[in-house]
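Shown next: protein.pdb, given as PDB, C-alpha atoms.
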ATOM      1  CA  MET A  13      15.335   0.410  14.632
ATOM      2  CA  SER A  14      18.532  -1.323  15.690
ATOM      3  CA  GLY A  15      18.087  -3.104  19.020
ATOM      4  CA  ALA A  16      14.319  -2.524  19.018
ATOM      5  CA  LYS A  17      12.080  -5.261  20.362
ATOM      6  CA  MET A  18       8.741  -6.743  19.336
ATOM      7  CA  LYS A  19       6.226  -9.120  20.881
ATOM      8  CA  ALA A  20       5.906 -12.555  19.329
ATOM      9  CA  ALA A  21       4.315 -15.921  20.061
ATOM     10  CA  ILE A  22       7.379 -18.088  20.666
ATOM     11  CA  THR A  23       7.627 -21.866  20.727
ATOM     12  CA  THR A  24      10.866 -23.678  21.565
ATOM     13  CA  ALA A  25       9.512 -27.232  21.653
ATOM     14  CA  TYR A  26       6.851 -29.379  20.032
ATOM     15  CA  GLY A  27       3.737 -30.086  22.083
ATOM     16  CA  LEU A  28       0.313 -28.821  23.154
ATOM     17  CA  SER A  29      -0.670 -25.149  23.026
ATOM     18  CA  ASP A  30       1.066 -24.501  26.364
ATOM     19  CA  VAL A  31       4.433 -24.536  24.557
ATOM     20  CA  LEU A  32       3.431 -21.124  23.133
ATOM     21  CA  ASN A  33       4.596 -18.076  25.078
ATOM     22  CA  ILE A  34       4.492 -14.336  24.367
ATOM     23  CA  GLU A  35       8.019 -12.957  24.562
ATOM     24  CA  GLU A  36       9.924  -9.868  23.505
ATOM     25  CA  VAL A  37      12.497 -10.563  20.818
ATOM     26  CA  ALA A  38      14.551  -8.451  18.444
ATOM     27  CA  ILE A  39      12.792  -6.996  15.405
ATOM     28  CA  PRO A  40      14.251  -8.792  12.355
ATOM     29  CA  THR A  41      17.013  -7.093  10.372
ATOM     30  CA  ILE A  42      16.303  -7.185   6.639
ATOM     31  CA  ALA A  43      18.655  -7.919   3.756
ATOM     32  CA  SER A  44      18.696  -5.964   0.488
ATOM     33  CA  ASP A  45      16.036  -8.256  -1.059
ATOM     34  CA  GLU A  46      13.715  -8.281   1.959
ATOM     35  CA  ILE A  47      10.820  -6.225   3.301
ATOM     36  CA  LEU A  48       9.930  -5.538   6.930
ATOM     37  CA  VAL A  49       6.176  -5.505   7.533
ATOM     38  CA  GLU A  50       4.531  -4.204  10.690
ATOM     39  CA  VAL A  51       1.904  -6.894  11.191
ATOM     40  CA  LYS A  52      -1.571  -5.622  12.002
ATOM     41  CA  ALA A  53      -3.295  -9.003  11.874
ATOM     42  CA  ALA A  54      -2.349 -12.627  11.196
ATOM     43  CA  SER A  55      -4.493 -15.712  10.846
ATOM     44  CA  ILE A  56      -4.450 -19.095  12.540
ATOM     45  CA  ASN A  57      -4.466 -22.099  10.220
ATOM     46  CA  PRO A  58      -4.593 -25.856  10.927
ATOM     47  CA  LEU A  59      -1.028 -25.925   9.597
ATOM     48  CA  ASP A  60       0.052 -23.931  12.678
ATOM     49  CA  TRP A  61      -1.093 -26.429  15.289
ATOM     50  CA  LYS A  62      -0.014 -29.374  13.144
ATOM     51  CA  ILE A  63       3.502 -27.897  13.087
ATOM     52  CA  ARG A  64       3.338 -26.962  16.793
ATOM     53  CA  SER A  65       2.298 -30.488  17.822
ATOM     54  CA  GLY A  66       5.154 -32.118  15.898
ATOM     55  CA  GLU A  67       2.811 -33.852  13.456
ATOM     56  CA  LEU A  68       4.836 -32.461  10.536
ATOM     57  CA  LYS A  69       8.249 -32.825  12.152
ATOM     58  CA  MET A  70       9.483 -34.844   9.182
ATOM     59  CA  MET A  71       9.212 -31.648   7.118
ATOM     60  CA  THR A  72       9.898 -28.953   9.737
ATOM     61  CA  GLY A  73      12.875 -30.609  11.456
ATOM     62  CA  LYS A  74      13.795 -31.783  14.945
ATOM     63  CA  ILE A  75      13.944 -28.238  16.332
ATOM     64  CA  ALA A  76      10.550 -26.527  16.558
ATOM     65  CA  PRO A  77      10.065 -23.345  14.497
ATOM     66  CA  LYS A  78      10.491 -20.275  16.694
ATOM     67  CA  ILE A  79       7.531 -18.200  15.454
ATOM     68  CA  LEU A  80       4.583 -19.854  13.714
ATOM     69  CA  GLY A  81       2.151 -18.280  11.262
ATOM     70  CA  SER A  82       1.749 -18.067   7.492
ATOM     71  CA  ASP A  83      -0.597 -15.295   6.358
ATOM     72  CA  TYR A  84      -0.823 -11.703   7.541
ATOM     73  CA  SER A  85      -1.696  -8.143   6.671
ATOM     74  CA  GLY A  86       0.082  -4.989   7.708
ATOM     75  CA  ILE A  87       2.061  -1.912   6.717
ATOM     76  CA  VAL A  88       5.465  -1.857   5.026
ATOM     77  CA  SER A  89       7.896  -0.504   7.610
ATOM     78  CA  LYS A  90      11.230  -0.850   5.813
ATOM     79  CA  ILE A  91      12.454  -2.072   2.411
ATOM     80  CA  GLY A  92      15.777  -3.368   1.127
ATOM     81  CA  THR A  93      17.669  -1.602  -1.631
ATOM     82  CA  ASP A  94      16.674  -4.233  -4.212
ATOM     83  CA  ILE A  95      12.908  -3.893  -3.670
ATOM     84  CA  ASN A  96      10.932  -2.442  -6.584
ATOM     85  CA  ASN A  97       7.196  -3.033  -6.268
ATOM     86  CA  VAL A  98       6.308  -1.835  -2.764
ATOM     87  CA  LYS A  99       7.030   1.318  -0.795
ATOM     88  CA  ILE A 100       7.265   2.198   2.873
ATOM     89  CA  GLY A 101       3.756   2.876   4.128
ATOM     90  CA  ASN A 102       2.001   0.543   1.678
ATOM     91  CA  GLN A 103      -0.791  -1.547   3.179
ATOM     92  CA  VAL A 104      -0.084  -5.128   2.172
ATOM     93  CA  PHE A 105      -1.197  -8.710   2.682
ATOM     94  CA  GLY A 106       0.593 -11.953   1.996
ATOM     95  CA  MET A 107       1.858 -15.317   3.076
ATOM     96  CA  VAL A 108       5.092 -17.077   3.925
ATOM     97  CA  ASN A 109       5.686 -20.814   3.735
ATOM     98  CA  GLY A 110       4.944 -21.888   7.308
ATOM     99  CA  MET A 111       6.848 -25.168   7.016
ATOM    100  CA  LYS A 112      10.066 -23.504   5.870
ATOM    101  CA  VAL A 113      10.116 -20.228   7.813
ATOM    102  CA  LYS A 114      11.360 -20.080  11.409
ATOM    103  CA  GLU A 115      10.058 -16.531  11.868
ATOM    104  CA  GLY A 116       6.378 -16.527  10.910
ATOM    105  CA  SER A 117       3.570 -13.998  11.103
ATOM    106  CA  HIS A 118       2.490 -14.381  14.735
ATOM    107  CA  ALA A 119       4.573 -11.385  15.728
ATOM    108  CA  GLU A 120       4.448  -7.600  15.557
ATOM    109  CA  PHE A 121       6.908  -7.555  12.643
ATOM    110  CA  ILE A 122       7.833 -10.019   9.922
ATOM    111  CA  ARG A 123      10.503  -9.944   7.227
ATOM    112  CA  VAL A 124       9.446 -11.251   3.848
ATOM    113  CA  LYS A 125      10.514 -11.513   0.229
ATOM    114  CA  GLU A 126       8.905  -9.416  -2.500
ATOM    115  CA  ASN A 127       7.118 -12.464  -3.941
ATOM    116  CA  ASP A 128       5.446 -13.089  -0.552
ATOM    117  CA  ILE A 129       3.209  -9.997  -0.582
ATOM    118  CA  TRP A 130       0.941  -7.706  -2.570
ATOM    119  CA  LEU A 131      -1.049  -4.553  -1.912
ATOM    120  CA  LYS A 132      -4.014  -5.178   0.389
ATOM    121  CA  PRO A 133      -7.498  -4.980  -1.168
ATOM    122  CA  GLU A 134      -8.786  -1.479  -0.525
ATOM    123  CA  ASN A 135     -12.330  -2.506   0.404
ATOM    124  CA  ILE A 136     -11.504  -4.641   3.460
ATOM    125  CA  GLU A 137      -9.869  -4.131   6.867
ATOM    126  CA  PHE A 138      -6.613  -5.718   8.065
ATOM    127  CA  GLU A 139      -8.385  -8.532   9.948
ATOM    128  CA  GLU A 140     -10.234  -9.795   6.882
ATOM    129  CA  ALA A 141      -7.163  -9.306   4.696
ATOM    130  CA  ALA A 142      -5.120 -11.496   7.046
ATOM    131  CA  ALA A 143      -7.702 -14.272   6.720
ATOM    132  CA  ILE A 144      -7.432 -14.489   2.940
ATOM    133  CA  PRO A 145      -3.926 -15.237   1.546
ATOM    134  CA  LEU A 146      -3.322 -18.879   2.503
ATOM    135  CA  VAL A 147      -6.874 -20.090   1.888
ATOM    136  CA  ALA A 148      -7.355 -18.079  -1.319
ATOM    137  CA  LEU A 149      -3.978 -19.114  -2.739
ATOM    138  CA  THR A 150      -4.855 -22.735  -1.934
ATOM    139  CA  ALA A 151      -8.330 -22.555  -3.468
ATOM    140  CA  HIS A 152      -7.000 -20.680  -6.506
ATOM    141  CA  LYS A 153      -4.324 -23.298  -7.107
ATOM    142  CA  ALA A 154      -6.747 -26.197  -6.620
ATOM    143  CA  LEU A 155      -9.574 -24.937  -8.806
ATOM    144  CA  ILE A 156      -8.002 -22.594 -11.348
ATOM    145  CA  GLU A 157      -4.450 -23.888 -11.818
ATOM    146  CA  ILE A 158      -4.902 -27.635 -11.215
ATOM    147  CA  ALA A 159      -8.564 -28.339 -12.026
ATOM    148  CA  GLN A 160      -8.851 -25.566 -14.639
ATOM    149  CA  LEU A 161     -12.519 -25.102 -13.852
ATOM    150  CA  SER A 162     -14.765 -23.739 -16.566
ATOM    151  CA  LYS A 163     -18.362 -22.632 -16.831
ATOM    152  CA  GLY A 164     -20.761 -25.498 -16.283
ATOM    153  CA  SER A 165     -18.367 -27.752 -14.354
ATOM    154  CA  TYR A 166     -19.914 -29.784 -11.532
ATOM    155  CA  VAL A 167     -17.862 -29.318  -8.382
ATOM    156  CA  LEU A 168     -18.107 -30.924  -4.936
ATOM    157  CA  ILE A 169     -16.376 -29.156  -2.040
ATOM    158  CA  ASN A 170     -15.975 -31.112   1.187
ATOM    159  CA  GLY A 171     -15.671 -28.724   4.123
ATOM    160  CA  CYS A 172     -17.301 -25.875   2.237
ATOM    161  CA  THR A 173     -17.652 -23.592   5.272
ATOM    162  CA  GLY A 174     -14.059 -23.828   6.503
ATOM    163  CA  GLY A 175     -11.226 -21.480   5.554
ATOM    164  CA  VAL A 176     -10.245 -22.980   2.189
ATOM    165  CA  GLY A 177     -13.706 -24.356   1.458
ATOM    166  CA  SER A 178     -15.557 -21.063   1.913
ATOM    167  CA  VAL A 179     -13.247 -19.295  -0.539
ATOM    168  CA  ALA A 180     -13.335 -22.272  -2.916
ATOM    169  CA  VAL A 181     -17.139 -22.049  -3.146
ATOM    170  CA  GLN A 182     -16.893 -18.379  -4.089
ATOM    171  CA  ILE A 183     -14.141 -18.938  -6.673
ATOM    172  CA  ALA A 184     -16.014 -21.850  -8.260
ATOM    173  CA  LYS A 185     -19.196 -19.776  -8.517
ATOM    174  CA  SER A 186     -17.297 -16.835 -10.019
ATOM    175  CA  LEU A 187     -16.143 -19.234 -12.764
ATOM    176  CA  GLY A 188     -19.694 -20.336 -13.517
ATOM    177  CA  SER A 189     -19.535 -23.789 -11.929
ATOM    178  CA  GLU A 190     -22.395 -25.730 -10.340
ATOM    179  CA  VAL A 191     -21.288 -26.149  -6.724
ATOM    180  CA  SER A 192     -22.285 -28.740  -4.144
ATOM    181  CA  GLY A 193     -20.906 -28.283  -0.646
ATOM    182  CA  ILE A 194     -20.612 -30.631   2.327
ATOM    183  CA  CYS A 195     -20.831 -29.214   5.866
ATOM    184  CA  SER A 196     -22.518 -29.760   9.223
ATOM    185  CA  THR A 197     -26.125 -28.973  10.112
ATOM    186  CA  ASN A 198     -25.182 -25.761  11.929
ATOM    187  CA  ASN A 199     -23.468 -24.336   8.841
ATOM    188  CA  LEU A 200     -26.050 -25.058   6.142
ATOM    189  CA  GLU A 201     -27.290 -21.474   5.927
ATOM    190  CA  PHE A 202     -23.747 -20.097   5.803
ATOM    191  CA  ALA A 203     -22.938 -22.441   2.905
ATOM    192  CA  LYS A 204     -26.009 -21.221   1.007
ATOM    193  CA  ASN A 205     -25.012 -17.601   1.636
ATOM    194  CA  LEU A 206     -21.580 -18.344   0.151
ATOM    195  CA  GLY A 207     -23.337 -19.306  -3.059
ATOM    196  CA  ALA A 208     -23.392 -23.116  -2.952
ATOM    197  CA  ASP A 209     -26.108 -24.423  -5.284
ATOM    198  CA  HIS A 210     -26.597 -27.626  -3.283
ATOM    199  CA  VAL A 211     -25.689 -28.179   0.367
ATOM    200  CA  ILE A 212     -25.183 -31.646   1.834
ATOM    201  CA  ASP A 213     -25.424 -32.165   5.607
ATOM    202  CA  TYR A 214     -22.854 -34.857   6.364
ATOM    203  CA  LYS A 215     -24.643 -35.697   9.619
ATOM    204  CA  THR A 216     -27.813 -36.786   7.832
ATOM    205  CA  GLU A 217     -26.745 -37.480   4.232
ATOM    206  CA  ASN A 218     -24.103 -39.607   2.524
ATOM    207  CA  VAL A 219     -22.742 -37.903  -0.584
ATOM    208  CA  LEU A 220     -21.518 -41.262  -1.914
ATOM    209  CA  GLU A 221     -25.100 -42.495  -2.154
ATOM    210  CA  LYS A 222     -26.388 -39.559  -4.215
ATOM    211  CA  PRO A 223     -27.029 -40.130  -7.965
ATOM    212  CA  ILE A 224     -24.749 -37.292  -8.998
ATOM    213  CA  SER A 225     -21.249 -37.349 -10.467
ATOM    214  CA  TYR A 226     -18.747 -34.516 -10.456
ATOM    215  CA  ASP A 227     -16.054 -33.132 -12.726
ATOM    216  CA  VAL A 228     -14.007 -32.037  -9.701
ATOM    217  CA  ILE A 229     -14.033 -33.004  -6.030
ATOM    218  CA  LEU A 230     -12.101 -30.780  -3.625
ATOM    219  CA  ASP A 231     -11.562 -32.314  -0.184
ATOM    220  CA  THR A 232     -10.424 -29.684   2.342
ATOM    221  CA  VAL A 233     -11.027 -31.884   5.391
ATOM    222  CA  GLY A 234      -9.214 -35.119   4.645
ATOM    223  CA  ASN A 235     -12.073 -37.517   5.414
ATOM    224  CA  LEU A 236     -13.338 -38.027   1.850
ATOM    225  CA  LYS A 237     -10.637 -40.229   0.373
ATOM    226  CA  TYR A 238      -9.898 -40.731  -3.302
ATOM    227  CA  SER A 239     -10.711 -44.436  -2.959
ATOM    228  CA  GLN A 240     -14.254 -43.444  -1.930
ATOM    229  CA  SER A 241     -14.630 -40.398  -4.178
ATOM    230  CA  LYS A 242     -13.802 -42.053  -7.492
ATOM    231  CA  LYS A 243     -17.241 -43.700  -7.584
ATOM    232  CA  ILE A 244     -18.881 -40.239  -7.834
ATOM    233  CA  LEU A 245     -16.302 -38.748 -10.215
ATOM    234  CA  LYS A 246     -17.118 -38.468 -13.908
ATOM    235  CA  PRO A 247     -14.859 -40.313 -16.354
ATOM    236  CA  ALA A 248     -11.590 -38.352 -16.500
ATOM    237  CA  GLY A 249     -12.762 -36.505 -13.363
ATOM    238  CA  LEU A 250     -10.302 -34.973 -10.894
ATOM    239  CA  TYR A 251      -9.996 -35.399  -7.121
ATOM    240  CA  VAL A 252      -8.032 -32.647  -5.358
ATOM    241  CA  THR A 253      -7.150 -32.611  -1.662
ATOM    242  CA  THR A 254      -5.466 -30.175   0.706
ATOM    243  CA  ALA A 255      -4.804 -32.946   3.260
ATOM    244  CA  ALA A 256      -1.093 -33.632   2.937
ATOM    245  CA  THR A 257       0.030 -37.157   3.811
ATOM    246  CA  ILE A 258       3.415 -38.731   3.230
ATOM    247  CA  PRO A 259       2.003 -41.535   0.981
ATOM    248  CA  ALA A 260       0.109 -38.996  -1.155
ATOM    249  CA  MET A 261       3.218 -36.857  -1.549
ATOM    250  CA  LEU A 262       5.460 -39.810  -2.428
ATOM    251  CA  PHE A 263       3.232 -42.082  -4.502
ATOM    252  CA  GLY A 264       0.374 -39.905  -5.826
ATOM    253  CA  PRO A 265       2.115 -38.764  -9.043
ATOM    254  CA  LEU A 266       3.169 -42.343  -9.872
ATOM    255  CA  LEU A 267      -0.303 -43.782  -9.314
ATOM    256  CA  ASN A 268      -1.866 -41.118 -11.564
ATOM    257  CA  VAL A 269      -0.029 -42.654 -14.515
ATOM    258  CA  PHE A 270      -2.387 -45.639 -14.231
ATOM    259  CA  ARG A 271      -5.603 -43.736 -13.376
ATOM    260  CA  GLN A 272      -8.199 -42.316 -15.708
ATOM    261  CA  LYS A 273      -9.670 -40.414 -12.764
ATOM    262  CA  LYS A 274      -6.757 -38.423 -11.326
ATOM    263  CA  ALA A 275      -5.932 -37.426  -7.743
ATOM    264  CA  LYS A 276      -3.862 -34.330  -6.965
ATOM    265  CA  LEU A 277      -2.469 -32.862  -3.735
ATOM    266  CA  VAL A 278      -2.417 -29.069  -3.365
ATOM    267  CA  MET A 279       0.959 -27.853  -2.089
ATOM    268  CA  ASN A 280       0.750 -24.105  -1.654
ATOM    269  CA  SER A 281       3.420 -21.400  -1.757
ATOM    270  CA  PRO A 282       3.574 -17.576  -1.700
ATOM    271  CA  ASN A 283       3.006 -15.933  -5.073
ATOM    272  CA  SER A 284       2.631 -12.179  -5.591
ATOM    273  CA  LYS A 285       1.149 -12.626  -9.082
ATOM    274  CA  THR A 286      -1.691 -14.774  -7.768
ATOM    275  CA  LEU A 287      -2.117 -12.441  -4.779
ATOM    276  CA  SER A 288      -2.671  -9.595  -7.238
ATOM    277  CA  GLU A 289      -5.436 -11.648  -8.911
ATOM    278  CA  ILE A 290      -6.964 -12.387  -5.505
ATOM    279  CA  LYS A 291      -6.851  -8.671  -4.636
ATOM    280  CA  SER A 292      -8.848  -7.924  -7.791
ATOM    281  CA  MET A 293     -11.359 -10.679  -7.001
ATOM    282  CA  VAL A 294     -11.892  -9.252  -3.511
ATOM    283  CA  GLU A 295     -12.282  -5.699  -4.808
ATOM    284  CA  ASN A 296     -14.762  -6.940  -7.443
ATOM    285  CA  ASN A 297     -16.754  -8.700  -4.692
ATOM    286  CA  GLN A 298     -16.174 -12.131  -6.213
ATOM    287  CA  ILE A 299     -14.654 -13.459  -2.995
ATOM    288  CA  ARG A 300     -14.577 -12.316   0.625
ATOM    289  CA  GLY A 301     -12.798 -13.675   3.654
ATOM    290  CA  HIS A 302     -14.877 -14.755   6.643
ATOM    291  CA  VAL A 303     -13.476 -14.061  10.112
ATOM    292  CA  SER A 304     -15.131 -16.204  12.755
ATOM    293  CA  LYS A 305     -13.299 -14.722  15.762
ATOM    294  CA  VAL A 306     -10.516 -12.245  16.475
ATOM    295  CA  PHE A 307      -8.031 -12.881  19.301
ATOM    296  CA  LYS A 308      -5.341 -10.716  20.850
ATOM    297  CA  LEU A 309      -1.800 -11.996  20.287
ATOM    298  CA  GLU A 310      -1.647 -12.738  24.015
ATOM    299  CA  ASP A 311      -4.518 -15.206  23.573
ATOM    300  CA  VAL A 312      -2.709 -17.289  20.938
ATOM    301  CA  ARG A 313      -3.025 -20.476  23.025
ATOM    302  CA  GLU A 314      -6.813 -20.130  23.093
ATOM    303  CA  ALA A 315      -6.832 -19.516  19.335
ATOM    304  CA  HIS A 316      -4.770 -22.663  18.720
ATOM    305  CA  ASP A 317      -7.072 -24.744  20.909
ATOM    306  CA  LEU A 318     -10.189 -23.536  19.106
ATOM    307  CA  SER A 319      -8.599 -24.129  15.699
ATOM    308  CA  GLU A 320      -7.733 -27.667  16.740
ATOM    309  CA  ARG A 321     -11.232 -28.375  18.107
ATOM    310  CA  GLY A 322     -12.949 -26.961  15.026
ATOM    311  CA  GLY A 323     -16.676 -26.334  14.857
ATOM    312  CA  PHE A 324     -16.484 -22.781  13.470
ATOM    313  CA  THR A 325     -16.814 -21.249  10.015
ATOM    314  CA  GLY A 326     -14.136 -19.370   8.094
ATOM    315  CA  LYS A 327     -10.956 -18.249   9.834
ATOM    316  CA  LEU A 328      -9.526 -17.267  13.230
ATOM    317  CA  VAL A 329      -7.398 -14.133  13.352
ATOM    318  CA  LEU A 330      -4.803 -12.664  15.729
ATOM    319  CA  LYS A 331      -4.847  -8.874  16.081
ATOM    320  CA  MET A 332      -1.576  -7.236  17.045
TER
END
Would you mind writing the file's structure down as structure tokens?
Amino acid sequence: MSGAKMKAAITTAYGLSDVLNIEEVAIPTIASDEILVEVKAASINPLDWKIRSGELKMMTGKIAPKILGSDYSGIVSKIGTDINNVKIGNQVFGMVNGMKVKEGSHAEFIRVKENDIWLKPENIEFEEAAAIPLVALTAHKALIEIAQLSKGSYVLINGCTGGVGSVAVQIAKSLGSEVSGICSTNNLEFAKNLGADHVIDYKTENVLEKPISYDVILDTVGNLKYSQSKKILKPAGLYVTTAATIPAMLFGPLLNVFRQKKAKLVMNSPNSKTLSEIKSMVENNQIRGHVSKVFKLEDVREAHDLSERGGFTGKLVLKM
């Protein structure tokens, strides 16, 4: 495969979606501890356009990442000599850390580490599989690892019909929790179909005025702050958010020393062990990914623009 080329969505500068261009570049050469995956589908996440715009430049650096994209599904094309758990031809899904990787998943091939991937669930297609890793790993970490949800917990999920939120509802229900979800009027039925016990329309209702308190609040949008949420948290309740801000990253752990009601930020990373658990949950029909729209790689600008505008449920996916 030496000298072979692939198509990729390339960005060489920070800016609007027009900085993205489809170009032919060399297929990555793998080291002994790496795997080359032929990407069949990859998802678009808010992280992608936040990186592309330069919003997260403090963490990604002055030079824009070359190829964006975190999660993907595909077929193992080549393996290094030190690889043990996957074989050439395996159908896999996984995630790379989008803020640290310069060669992401929005390309026909991606090189990854063994901890980045796991075998794809057998009961779903590549497009759905590509929509799952980042959001499921995030929801799993928030609710199972951080919040340690148990049967009977009262959980509020803000943004319950988005990528992370829709999976979070399903995970919380699989654990036996009572789930309230916040979404827009257009998505009320979708939220109910996900399994939410109570659905709150943020356009007509204010969750802060309801006479209910929660064991856990998961904010996947970033507009339900801890300072507001603590009034509807139970004593020793937990507020978890996926909205990374510099103050939260720097001062959150220190402030928790003085709080009875804690606030935690979810910082996600690839993890093959958790991916194996997610695979089992998908195959046992405990969680499913929801693909709102599939784009061709060549339409990556349109996908970025829609992701940035919002107004859809679940995930957007690029098909190679």
With distances taken over all atoms listed in the file, which residue among A:His302, A:Lys125, A:Lys132, A:Lys274 lies nearest Leu48 of chain A?
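Using all atoms listed in the file, Leu48 of chain A sits closest to A:Lys125.
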Distance in Å - atom CA of Ala143 of chain A versus atom CA of Ser55 of chain A:
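For atom CA of Ala143 of chain A relative to atom CA of Ser55 of chain A, the distance reads 5.4 Å.
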By how many Å are atom CA of Val329 of chain A and atom CA of Ile22 of chain A apart?
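Spanning atom CA of Val329 of chain A to atom CA of Ile22 of chain A is a straight-line distance of 17.0 Å.
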Can you tell me how far atom CA of Glu120 of chain A sits from atom CA of Val51 of chain A, in Å to one decimal?
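Separation between atom CA of Glu120 of chain A and atom CA of Val51 of chain A: 5.1 Å.
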Please work out which residues fall within 12 Å of (-10.4, -24.2, -12.2), coordinates as given in the file, with all atoms listed in the file counting, and return them as a VMD selection string.
chain A and resid 150 to 167 180 to 189 227 to 230 250 252
Can you write out the residues you just picked, keeping C-alpha atoms, as an mmCIF file, keeping the file's coordinate frame?
data_model
loop_
_atom_site.group_PDB
_atom_site.id
_atom_site.type_symbol
_atom_site.label_atom_id
_atom_site.label_comp_id
_atom_site.auth_asym_id
_atom_site.auth_seq_id
_atom_site.Cartn_x
_atom_site.Cartn_y
_atom_site.Cartn_z
ATOM 1 C CA THR A 150 -4.855 -22.735 -1.934
ATOM 2 C CA ALA A 151 -8.330 -22.555 -3.468
ATOM 3 C CA HIS A 152 -7.000 -20.680 -6.506
ATOM 4 C CA LYS A 153 -4.324 -23.298 -7.107
ATOM 5 C CA ALA A 154 -6.747 -26.197 -6.620
ATOM 6 C CA LEU A 155 -9.574 -24.937 -8.806
ATOM 7 C CA ILE A 156 -8.002 -22.594 -11.348
ATOM 8 C CA GLU A 157 -4.450 -23.888 -11.818
ATOM 9 C CA ILE A 158 -4.902 -27.635 -11.215
ATOM 10 C CA ALA A 159 -8.564 -28.339 -12.026
ATOM 11 C CA GLN A 160 -8.851 -25.566 -14.639
ATOM 12 C CA LEU A 161 -12.519 -25.102 -13.852
ATOM 13 C CA SER A 162 -14.765 -23.739 -16.566
ATOM 14 C CA LYS A 163 -18.362 -22.632 -16.831
ATOM 15 C CA GLY A 164 -20.761 -25.498 -16.283
ATOM 16 C CA SER A 165 -18.367 -27.752 -14.354
ATOM 17 C CA TYR A 166 -19.914 -29.784 -11.532
ATOM 18 C CA VAL A 167 -17.862 -29.318 -8.382
ATOM 19 C CA ALA A 180 -13.335 -22.272 -2.916
ATOM 20 C CA VAL A 181 -17.139 -22.049 -3.146
ATOM 21 C CA GLN A 182 -16.893 -18.379 -4.089
ATOM 22 C CA ILE A 183 -14.141 -18.938 -6.673
ATOM 23 C CA ALA A 184 -16.014 -21.850 -8.260
ATOM 24 C CA LYS A 185 -19.196 -19.776 -8.517
ATOM 25 C CA SER A 186 -17.297 -16.835 -10.019
ATOM 26 C CA LEU A 187 -16.143 -19.234 -12.764
ATOM 27 C CA GLY A 188 -19.694 -20.336 -13.517
ATOM 28 C CA SER A 189 -19.535 -23.789 -11.929
ATOM 29 C CA ASP A 227 -16.054 -33.132 -12.726
ATOM 30 C CA VAL A 228 -14.007 -32.037 -9.701
ATOM 31 C CA ILE A 229 -14.033 -33.004 -6.030
ATOM 32 C CA LEU A 230 -12.101 -30.780 -3.625
ATOM 33 C CA LEU A 250 -10.302 -34.973 -10.894
ATOM 34 C CA VAL A 252 -8.032 -32.647 -5.358
#
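Closest to Asp60 of chain A among A:Arg313, A:Lys243, A:Lys291, A:Arg300 is A:Arg313, based on all atoms listed in the file.
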Identify which of the residues A:Val113, A:Ile87, A:Ile95, A:Ala54 lies closest to Met71 of chain A, counting only C-alpha atoms when measuring atom-to-atom distances.
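The shortest atom-to-atom distance to Met71 of chain A comes from A:Val113.
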For segment 194-209 of chain A, work out the shell of residues within 9 Å, counting all atoms listed in the file and skipping chain neighbours fewer than 3 positions away, then give it as a list in words.
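Result of the neighbour search: Leu168, Ile169, Asn170, Gly171, Cys172, Thr173, Gly174, Ser178, Val179, Val181, Gln182, Lys185, Glu190, Val191, Ile212, Asp213, Tyr214, Lys215, Thr216, Val219, Gly323, Phe324 and Thr325 of chain A.
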Selection from above, C-alpha atoms, as an mmCIF file, in the coordinates of the input, can you write it?
data_model
loop_
_atom_site.group_PDB
_atom_site.id
_atom_site.type_symbol
_atom_site.label_atom_id
_atom_site.label_comp_id
_atom_site.auth_asym_id
_atom_site.auth_seq_id
_atom_site.Cartn_x
_atom_site.Cartn_y
_atom_site.Cartn_z
ATOM 1 C CA LEU A 168 -18.107 -30.924 -4.936
ATOM 2 C CA ILE A 169 -16.376 -29.156 -2.040
ATOM 3 C CA ASN A 170 -15.975 -31.112 1.187
ATOM 4 C CA GLY A 171 -15.671 -28.724 4.123
ATOM 5 C CA CYS A 172 -17.301 -25.875 2.237
ATOM 6 C CA THR A 173 -17.652 -23.592 5.272
ATOM 7 C CA GLY A 174 -14.059 -23.828 6.503
ATOM 8 C CA SER A 178 -15.557 -21.063 1.913
ATOM 9 C CA VAL A 179 -13.247 -19.295 -0.539
ATOM 10 C CA VAL A 181 -17.139 -22.049 -3.146
ATOM 11 C CA GLN A 182 -16.893 -18.379 -4.089
ATOM 12 C CA LYS A 185 -19.196 -19.776 -8.517
ATOM 13 C CA GLU A 190 -22.395 -25.730 -10.340
ATOM 14 C CA VAL A 191 -21.288 -26.149 -6.724
ATOM 15 C CA ILE A 212 -25.183 -31.646 1.834
ATOM 16 C CA ASP A 213 -25.424 -32.165 5.607
ATOM 17 C CA TYR A 214 -22.854 -34.857 6.364
ATOM 18 C CA LYS A 215 -24.643 -35.697 9.619
ATOM 19 C CA THR A 216 -27.813 -36.786 7.832
ATOM 20 C CA VAL A 219 -22.742 -37.903 -0.584
ATOM 21 C CA GLY A 323 -16.676 -26.334 14.857
ATOM 22 C CA PHE A 324 -16.484 -22.781 13.470
ATOM 23 C CA THR A 325 -16.814 -21.249 10.015
#
Residues in the PyMOL selection byres ((chain A and resi 92) around 10), expressed as a tab-separated table (two decimals) with C-alpha atoms, in the frame of the given file:
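File selection39.tsv, as written:
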chain	number	residue	atom	x	y	z
A	42	ILE	CA	16.30	-7.18	6.64
A	43	ALA	CA	18.66	-7.92	3.76
A	44	SER	CA	18.70	-5.96	0.49
A	45	ASP	CA	16.04	-8.26	-1.06
A	46	GLU	CA	13.72	-8.28	1.96
A	47	ILE	CA	10.82	-6.22	3.30
A	48	LEU	CA	9.93	-5.54	6.93
A	90	LYS	CA	11.23	-0.85	5.81
A	91	ILE	CA	12.45	-2.07	2.41
A	93	THR	CA	17.67	-1.60	-1.63
A	94	ASP	CA	16.67	-4.23	-4.21
A	95	ILE	CA	12.91	-3.89	-3.67
A	96	ASN	CA	10.93	-2.44	-6.58
A	125	LYS	CA	10.51	-11.51	0.23
A	126	GLU	CA	8.90	-9.42	-2.50
